[in-house]
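Chemist: My structure file final28.txt, compact mmCIF, C-alpha atoms, is below:
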# COMPACT_ATOMS: atom_id res chain seq x y z
CA MET A 1108 -32.88 10.16 24.04
CA LEU A 1109 -34.98 9.10 21.04
CA TRP A 1110 -32.39 10.63 18.69
CA ALA A 1111 -29.64 8.54 20.25
CA HIS A 1112 -31.59 5.33 19.61
CA LEU A 1113 -32.46 6.38 16.07
CA PHE A 1114 -28.84 7.24 15.35
CA ALA A 1115 -27.65 3.87 16.70
CA LEU A 1116 -30.27 2.09 14.58
CA ALA A 1117 -29.35 4.06 11.45
CA PHE A 1118 -25.66 3.36 12.00
CA ALA A 1119 -26.34 -0.37 12.43
CA TYR A 1120 -28.21 -0.39 9.09
CA PHE A 1121 -25.27 1.45 7.50
CA ARG A 1122 -22.82 -1.22 8.76
CA VAL A 1123 -25.04 -4.02 7.44
CA GLY A 1124 -25.29 -2.23 4.08
CA CYS A 1125 -21.50 -1.95 3.90
CA SER A 1126 -21.16 -5.65 4.65
CA VAL A 1127 -23.67 -6.57 1.93
CA GLU A 1128 -21.92 -4.27 -0.53
CA SER A 1129 -18.58 -5.88 0.31
CA HIS A 1130 -19.93 -9.38 -0.36
CA LEU A 1131 -21.51 -8.27 -3.65
CA ARG A 1132 -18.22 -6.71 -4.74
CA CYS A 1133 -16.43 -10.01 -4.05
CA ILE A 1134 -19.02 -11.98 -6.03
CA PHE A 1135 -19.26 -9.64 -9.01
CA GLY A 1136 -15.60 -8.62 -9.18
CA ALA A 1137 -15.84 -4.90 -8.55
CA PRO A 1138 -12.66 -2.80 -8.43
CA LEU A 1139 -10.14 -3.43 -5.69
CA ARG A 1140 -10.34 -0.96 -2.82
CA LEU A 1141 -6.89 -0.73 -1.35
CA THR A 1142 -8.01 0.44 2.05
CA SER A 1143 -11.54 0.30 3.25
CA PHE A 1144 -13.50 3.50 3.82
CA MET A 1145 -14.86 2.05 7.02
CA SER A 1146 -13.90 -1.01 8.97
CA TYR A 1147 -15.97 -2.53 11.73
CA THR A 1148 -14.04 -4.16 14.56
CA GLY A 1149 -16.93 -6.15 16.07
CA ASN A 1150 -17.34 -3.67 18.89
CA PRO A 1151 -20.20 -1.21 18.18
CA ASP A 1152 -18.18 1.59 19.80
CA GLN A 1153 -15.12 1.09 17.57
CA VAL A 1154 -15.56 2.01 13.93
CA ARG A 1155 -12.64 3.35 11.90
CA PHE A 1156 -13.15 5.68 8.93
CA ASP A 1157 -10.41 5.89 6.34
CA SER A 1158 -10.51 9.01 4.20
CA ASP A 1159 -7.28 8.06 2.39
CA SER A 1160 -8.77 5.11 0.50
CA PHE A 1161 -9.15 5.10 -3.27
CA LEU A 1162 -10.19 2.67 -5.96
CA VAL A 1163 -7.61 0.77 -7.96
CA ARG A 1164 -8.59 -1.40 -10.88
CA VAL A 1165 -6.40 -4.42 -11.56
CA ASP A 1166 -5.64 -4.68 -15.28
CA ASN A 1167 -3.47 -7.64 -16.23
CA HIS A 1168 -3.30 -6.39 -19.84
CA ALA A 1169 -1.80 -3.02 -18.93
CA SER A 1170 1.92 -2.54 -19.48
CA TYR A 1171 2.30 0.05 -16.73
CA CYS A 1172 0.70 1.02 -13.45
CA MET A 1173 -1.12 4.33 -13.81
CA ALA A 1174 -2.42 6.80 -11.25
CA ASN A 1175 -4.48 9.94 -11.57
CA SER A 1176 -3.26 12.12 -8.69
CA PRO A 1177 0.21 13.52 -7.97
CA HIS A 1178 -0.05 12.80 -4.22
CA LEU A 1179 0.01 9.05 -5.02
CA PHE A 1180 3.60 9.30 -6.25
CA ASP A 1181 7.05 9.52 -4.75
CA ASN A 1182 9.65 11.15 -7.01
CA LEU A 1183 7.10 12.34 -9.58
CA VAL A 1184 8.80 13.96 -12.56
CA LEU A 1185 6.36 16.00 -14.60
CA SER A 1186 6.87 15.85 -18.34
CA GLU A 1187 4.66 15.22 -21.33
CA VAL A 1188 6.19 12.02 -22.63
CA GLY A 1189 3.41 10.73 -24.82
CA LYS A 1190 -0.02 9.23 -24.78
CA VAL A 1191 -1.60 6.00 -23.54
CA ASP A 1192 -3.71 4.39 -26.25
CA GLY A 1193 -6.59 2.05 -25.47
CA ILE A 1194 -8.31 4.35 -22.95
CA ASN A 1195 -10.98 6.36 -24.74
CA ASP A 1196 -9.19 8.23 -27.53
CA GLY A 1197 -5.96 8.13 -25.58
CA LEU A 1198 -4.82 9.97 -22.47
CA GLU A 1199 -1.82 12.25 -22.18
CA ILE A 1200 0.98 11.13 -19.87
CA ALA A 1201 1.84 14.06 -17.61
CA GLY A 1202 4.72 12.44 -15.74
CA LYS A 1203 6.43 9.38 -14.33
CA GLY A 1204 7.30 8.35 -10.79
CA THR A 1205 6.95 5.74 -8.05
CA PHE A 1206 3.30 4.83 -7.43
CA LYS A 1207 2.95 4.42 -3.66
CA PHE A 1208 -0.02 3.02 -1.75
CA LYS A 1209 -0.93 1.08 1.37
CA LEU A 1210 -2.43 -2.37 1.06
CA ALA A 1211 -4.01 -4.37 3.89
CA ASP A 1212 -3.45 -8.13 3.57
CA ASP A 1213 -5.83 -10.90 4.64
CA ASP A 1214 -4.40 -10.82 8.16
CA GLY A 1215 -5.02 -7.09 8.53
CA ARG A 1216 -1.35 -6.12 8.24
CA THR A 1217 -0.68 -2.97 6.25
CA HIS A 1218 2.08 -2.96 3.64
CA ILE A 1219 3.45 0.03 1.75
CA ILE A 1220 3.79 -0.85 -1.92
CA ARG A 1221 6.08 1.16 -4.18
CA ILE A 1222 6.09 0.59 -7.93
CA PRO A 1223 8.71 2.65 -9.79
CA ASN A 1224 8.30 3.91 -13.36
CA SER A 1225 4.52 4.28 -13.06
CA LEU A 1226 2.66 6.77 -15.20
CA TYR A 1227 0.80 9.88 -14.05
CA LEU A 1228 -2.36 10.48 -16.11
CA PRO A 1229 -4.45 13.29 -14.56
CA LYS A 1230 -7.50 12.52 -16.73
CA LEU A 1231 -7.59 8.82 -15.78
CA LYS A 1232 -10.89 8.01 -14.00
CA SER A 1233 -9.33 5.59 -11.50
CA CYS A 1234 -5.91 4.11 -10.85
CA LEU A 1235 -4.80 1.01 -12.75
CA LEU A 1236 -2.57 -1.60 -11.18
CA SER A 1237 -0.63 -3.71 -13.68
CA PRO A 1238 0.51 -6.94 -11.98
CA GLN A 1239 2.96 -7.48 -14.85
CA HIS A 1240 4.58 -4.08 -14.29
CA TRP A 1241 4.60 -4.59 -10.50
CA ALA A 1242 6.32 -7.98 -10.86
CA GLN A 1243 8.88 -6.63 -13.35
CA GLU A 1244 9.77 -3.71 -11.10
CA ALA A 1245 9.94 -5.92 -7.99
CA GLY A 1246 12.34 -8.28 -9.78
CA ASP A 1247 12.09 -10.77 -6.91
CA ARG A 1248 10.30 -13.69 -8.63
CA GLN A 1249 7.90 -13.69 -5.65
CA THR A 1250 5.45 -11.02 -6.83
CA TRP A 1251 2.61 -12.53 -8.87
CA MET A 1252 -1.13 -12.62 -9.48
CA VAL A 1253 -3.59 -15.45 -10.11
CA ASN A 1254 -6.99 -14.78 -11.70
CA GLY A 1255 -10.10 -16.70 -10.72
CA ALA A 1256 -13.65 -16.53 -12.03
CA HIS A 1257 -14.69 -13.90 -9.46
CA HIS A 1258 -11.48 -12.76 -7.83
CA CYS A 1259 -7.75 -12.30 -8.16
CA VAL A 1260 -5.03 -13.10 -5.67
CA LEU A 1261 -2.05 -10.78 -5.43
CA GLN A 1262 1.10 -12.18 -3.82
Can you dump the structure from the file as structure tokens?

Modeler:
Amino acid sequence: MLWAHLFALAFAYFRVGCSVESHLRCIFGAPLRLTSFMSYTGNPDQVRFDSDSFLVRVDNHASYCMANSPHLFDNLVLSEVGKVDGINDGLEIAGKGTFKFKLADDDGRTHIIRIPNSLYLPKLKSCLLSPQHWAQEAGDRQTWMVNGAHHCVLQ
């Protein structure tokens, strides 16, 4: 019985820690997490863990979206087509395809985003989302990004 209470207490501290971390990330502009690892629904009995989440850094100076794992692509075509300069001493491009990921909006709705002609760089530390490349590939004049002092808004 004591273990059950200790576990509930430890889990409550974990949820509070996640909430504090989330607020700090918003303030200090940490990388965008496309889907949360854990979401708390308000009910202590309903907590959802998401093992499919991964970090994506938004880089409005990048010419292309870049991902570091083949499972993040649809239609990945492997081929050594060159090198990306500006990241360390340069990283080899191992292929090109459609970068695909899920994104939860402010209302909690999940959208599947597909960005064709994205680069596969296996040695990249985390994925890079280029709003410029996304907007160019969307071609709809409705895809854009606005930068603020501590955040960015993707439309």

Chemist: Between CA of Gly1204 (chain A) and CA of Cys1234 (chain A), what is the distance in Å, rounded to a tenth?

Modeler: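 Spanning CA of Gly1204 (chain A) to CA of Cys1234 (chain A) is a straight-line distance of 13.9 Å.
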
Chemist: Take CA of His1168 (chain A) and CA of Pro1238 (chain A) and report the distance between them in Å, one decimal.

Modeler: 8.8 Å

Chemist: Counting all atoms listed in the file, which residue out of A:Lys1232, A:Ala1169, A:Lys1207, A:Leu1179 sits closest to Asp1192 (chain A)?

Modeler: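 Answer, going by the shortest atom-to-atom distance: A:Ala1169.
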
Chemist: Residues near Ser1170 (chain A), anyone? I mean within 10 Å using all atoms listed in the file, not counting same-chain ones fewer than 6 positions away, as a ChimeraX atom specification.

Modeler: /A:1225,1236-1241

Chemist: Just checking: using all atoms listed in the file, which residue out of A:Leu1226, A:Val1260, A:Ala1211, A:Ala1242 ends up closest to Pro1177 (chain A)?

Modeler: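 Of all the options, A:Leu1226 lies closest to Pro1177 (chain A).
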
Chemist: Mind giving me the straight-line distance from CA of His1178 (chain A) to CA of Glu1199 (chain A) in Å, one decimal?

Modeler: 18.1 Å

Chemist: Find the residues near region 1180-1187 of chain A: any atom within 9 Å, counting only C-alpha atoms, skip ones fewer than 2 places away on the same chain, and give them as a ChimeraX atom specification.

Modeler: /A:1174,1176-1178,1189-1190,1199-1208,1221,1223,1225,1227

Chemist: Choose the residue, out of A:Asn1254, A:Asp1214, A:Ser1233, A:Asp1247, that has the smallest atom-to-atom separation from Cys1172 (chain A); count only C-alpha atoms.

Modeler: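 Of all the options, A:Ser1233 lies closest to Cys1172 (chain A).
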
Chemist: Which one of A:Ile1220, A:Gly1215, A:Ile1194, A:His1257 sits closest to Ala1245 (chain A) if you count all atoms listed in the file?

Modeler: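 Checking each of A:Ile1220, A:Gly1215, A:Ile1194, A:His1257 against Ala1245 (chain A), counting all atoms listed in the file, the winner is A:Ile1220.
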
Chemist: Using only C-alpha atoms, which of A:Leu1210, A:Met1173, A:Phe1161, A:Arg1248 sits nearest Leu1235 (chain A)?

Modeler: A:Met1173

Chemist: Measuring atom to atom with all atoms listed in the file, identify which of A:Gln1262, A:Pro1229, A:Asn1224, A:Val1191 is nearest to Asp1212 (chain A).

Modeler: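 Closest candidate: A:Gln1262.
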
Chemist: Output region 1210-1242 of chain A with N, CA and C atoms present, as an mmCIF file, keeping the file's coordinate frame.

Modeler:
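Dumped to out_25.cif:
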data_model
loop_
_atom_site.group_PDB
_atom_site.id
_atom_site.type_symbol
_atom_site.label_atom_id
_atom_site.label_comp_id
_atom_site.auth_asym_id
_atom_site.auth_seq_id
_atom_site.Cartn_x
_atom_site.Cartn_y
_atom_site.Cartn_z
ATOM 1 N N LEU A 1210 -1.579 -1.227 1.372
ATOM 2 C CA LEU A 1210 -2.430 -2.370 1.060
ATOM 3 C C LEU A 1210 -2.544 -3.218 2.323
ATOM 4 N N ALA A 1211 -3.780 -3.506 2.733
ATOM 5 C CA ALA A 1211 -4.010 -4.370 3.890
ATOM 6 C C ALA A 1211 -4.144 -5.803 3.399
ATOM 7 N N ASP A 1212 -3.367 -6.728 3.985
ATOM 8 C CA ASP A 1212 -3.450 -8.130 3.570
ATOM 9 C C ASP A 1212 -4.585 -8.837 4.301
ATOM 10 N N ASP A 1213 -4.738 -10.127 4.045
ATOM 11 C CA ASP A 1213 -5.830 -10.900 4.640
ATOM 12 C C ASP A 1213 -5.755 -10.985 6.153
ATOM 13 N N ASP A 1214 -4.560 -10.779 6.712
ATOM 14 C CA ASP A 1214 -4.400 -10.820 8.160
ATOM 15 C C ASP A 1214 -4.534 -9.451 8.803
ATOM 16 N N GLY A 1215 -4.842 -8.437 8.004
ATOM 17 C CA GLY A 1215 -5.020 -7.090 8.530
ATOM 18 C C GLY A 1215 -3.735 -6.284 8.628
ATOM 19 N N ARG A 1216 -2.614 -6.861 8.216
ATOM 20 C CA ARG A 1216 -1.350 -6.120 8.240
ATOM 21 C C ARG A 1216 -1.299 -5.164 7.059
ATOM 22 N N THR A 1217 -0.784 -3.972 7.299
ATOM 23 C CA THR A 1217 -0.680 -2.970 6.250
ATOM 24 C C THR A 1217 0.733 -2.976 5.675
ATOM 25 N N HIS A 1218 0.804 -2.984 4.353
ATOM 26 C CA HIS A 1218 2.080 -2.960 3.640
ATOM 27 C C HIS A 1218 2.119 -1.720 2.762
ATOM 28 N N ILE A 1219 3.274 -1.096 2.666
ATOM 29 C CA ILE A 1219 3.450 0.030 1.750
ATOM 30 C C ILE A 1219 4.069 -0.528 0.477
ATOM 31 N N ILE A 1220 3.352 -0.353 -0.618
ATOM 32 C CA ILE A 1220 3.790 -0.850 -1.920
ATOM 33 C C ILE A 1220 4.321 0.327 -2.726
ATOM 34 N N ARG A 1221 5.470 0.140 -3.320
ATOM 35 C CA ARG A 1221 6.080 1.160 -4.180
ATOM 36 C C ARG A 1221 6.394 0.521 -5.527
ATOM 37 N N ILE A 1222 5.856 1.109 -6.587
ATOM 38 C CA ILE A 1222 6.090 0.590 -7.930
ATOM 39 C C ILE A 1222 6.709 1.698 -8.776
ATOM 40 N N PRO A 1223 8.029 1.627 -8.997
ATOM 41 C CA PRO A 1223 8.710 2.650 -9.790
ATOM 42 C C PRO A 1223 8.253 2.658 -11.244
ATOM 43 N N ASN A 1224 8.560 3.747 -11.930
ATOM 44 C CA ASN A 1224 8.300 3.910 -13.360
ATOM 45 C C ASN A 1224 6.819 3.801 -13.710
ATOM 46 N N SER A 1225 5.963 4.244 -12.797
ATOM 47 C CA SER A 1225 4.520 4.280 -13.060
ATOM 48 C C SER A 1225 4.162 5.601 -13.711
ATOM 49 N N LEU A 1226 3.054 5.603 -14.423
ATOM 50 C CA LEU A 1226 2.660 6.770 -15.200
ATOM 51 C C LEU A 1226 1.628 7.611 -14.469
ATOM 52 N N TYR A 1227 1.763 8.929 -14.607
ATOM 53 C CA TYR A 1227 0.800 9.880 -14.050
ATOM 54 C C TYR A 1227 -0.077 10.384 -15.187
ATOM 55 N N LEU A 1228 -1.371 10.053 -15.125
ATOM 56 C CA LEU A 1228 -2.360 10.480 -16.110
ATOM 57 C C LEU A 1228 -3.477 11.217 -15.377
ATOM 58 N N PRO A 1229 -3.456 12.543 -15.338
ATOM 59 C CA PRO A 1229 -4.450 13.290 -14.560
ATOM 60 C C PRO A 1229 -5.896 13.056 -15.002
ATOM 61 N N LYS A 1230 -6.129 12.706 -16.247
ATOM 62 C CA LYS A 1230 -7.500 12.520 -16.730
ATOM 63 C C LYS A 1230 -7.988 11.076 -16.610
ATOM 64 N N LEU A 1231 -7.200 10.207 -16.007
ATOM 65 C CA LEU A 1231 -7.590 8.820 -15.780
ATOM 66 C C LEU A 1231 -8.686 8.784 -14.712
ATOM 67 N N LYS A 1232 -9.754 8.024 -14.939
ATOM 68 C CA LYS A 1232 -10.890 8.010 -14.000
ATOM 69 C C LYS A 1232 -10.543 7.328 -12.685
ATOM 70 N N SER A 1233 -9.775 6.249 -12.723
ATOM 71 C CA SER A 1233 -9.330 5.590 -11.500
ATOM 72 C C SER A 1233 -7.970 4.968 -11.764
ATOM 73 N N CYS A 1234 -7.259 4.672 -10.716
ATOM 74 C CA CYS A 1234 -5.910 4.110 -10.850
ATOM 75 C C CYS A 1234 -5.969 2.701 -11.442
ATOM 76 N N LEU A 1235 -4.929 2.349 -12.184
ATOM 77 C CA LEU A 1235 -4.800 1.010 -12.750
ATOM 78 C C LEU A 1235 -3.536 0.358 -12.199
ATOM 79 N N LEU A 1236 -3.698 -0.831 -11.666
ATOM 80 C CA LEU A 1236 -2.570 -1.600 -11.180
ATOM 81 C C LEU A 1236 -2.268 -2.694 -12.197
ATOM 82 N N SER A 1237 -1.067 -2.683 -12.733
ATOM 83 C CA SER A 1237 -0.630 -3.710 -13.680
ATOM 84 C C SER A 1237 0.228 -4.721 -12.918
ATOM 85 N N PRO A 1238 -0.293 -5.936 -12.679
ATOM 86 C CA PRO A 1238 0.510 -6.940 -11.980
ATOM 87 C C PRO A 1238 1.807 -7.266 -12.713
ATOM 88 N N GLN A 1239 1.765 -7.225 -14.043
ATOM 89 C CA GLN A 1239 2.960 -7.480 -14.850
ATOM 90 C C GLN A 1239 4.031 -6.433 -14.545
ATOM 91 N N HIS A 1240 3.639 -5.164 -14.562
ATOM 92 C CA HIS A 1240 4.580 -4.080 -14.290
ATOM 93 C C HIS A 1240 5.105 -4.176 -12.850
ATOM 94 N N TRP A 1241 4.214 -4.458 -11.902
ATOM 95 C CA TRP A 1241 4.600 -4.590 -10.500
ATOM 96 C C TRP A 1241 5.653 -5.701 -10.348
ATOM 97 N N ALA A 1242 5.395 -6.852 -10.957
ATOM 98 C CA ALA A 1242 6.320 -7.980 -10.860
ATOM 99 C C ALA A 1242 7.668 -7.656 -11.510
#
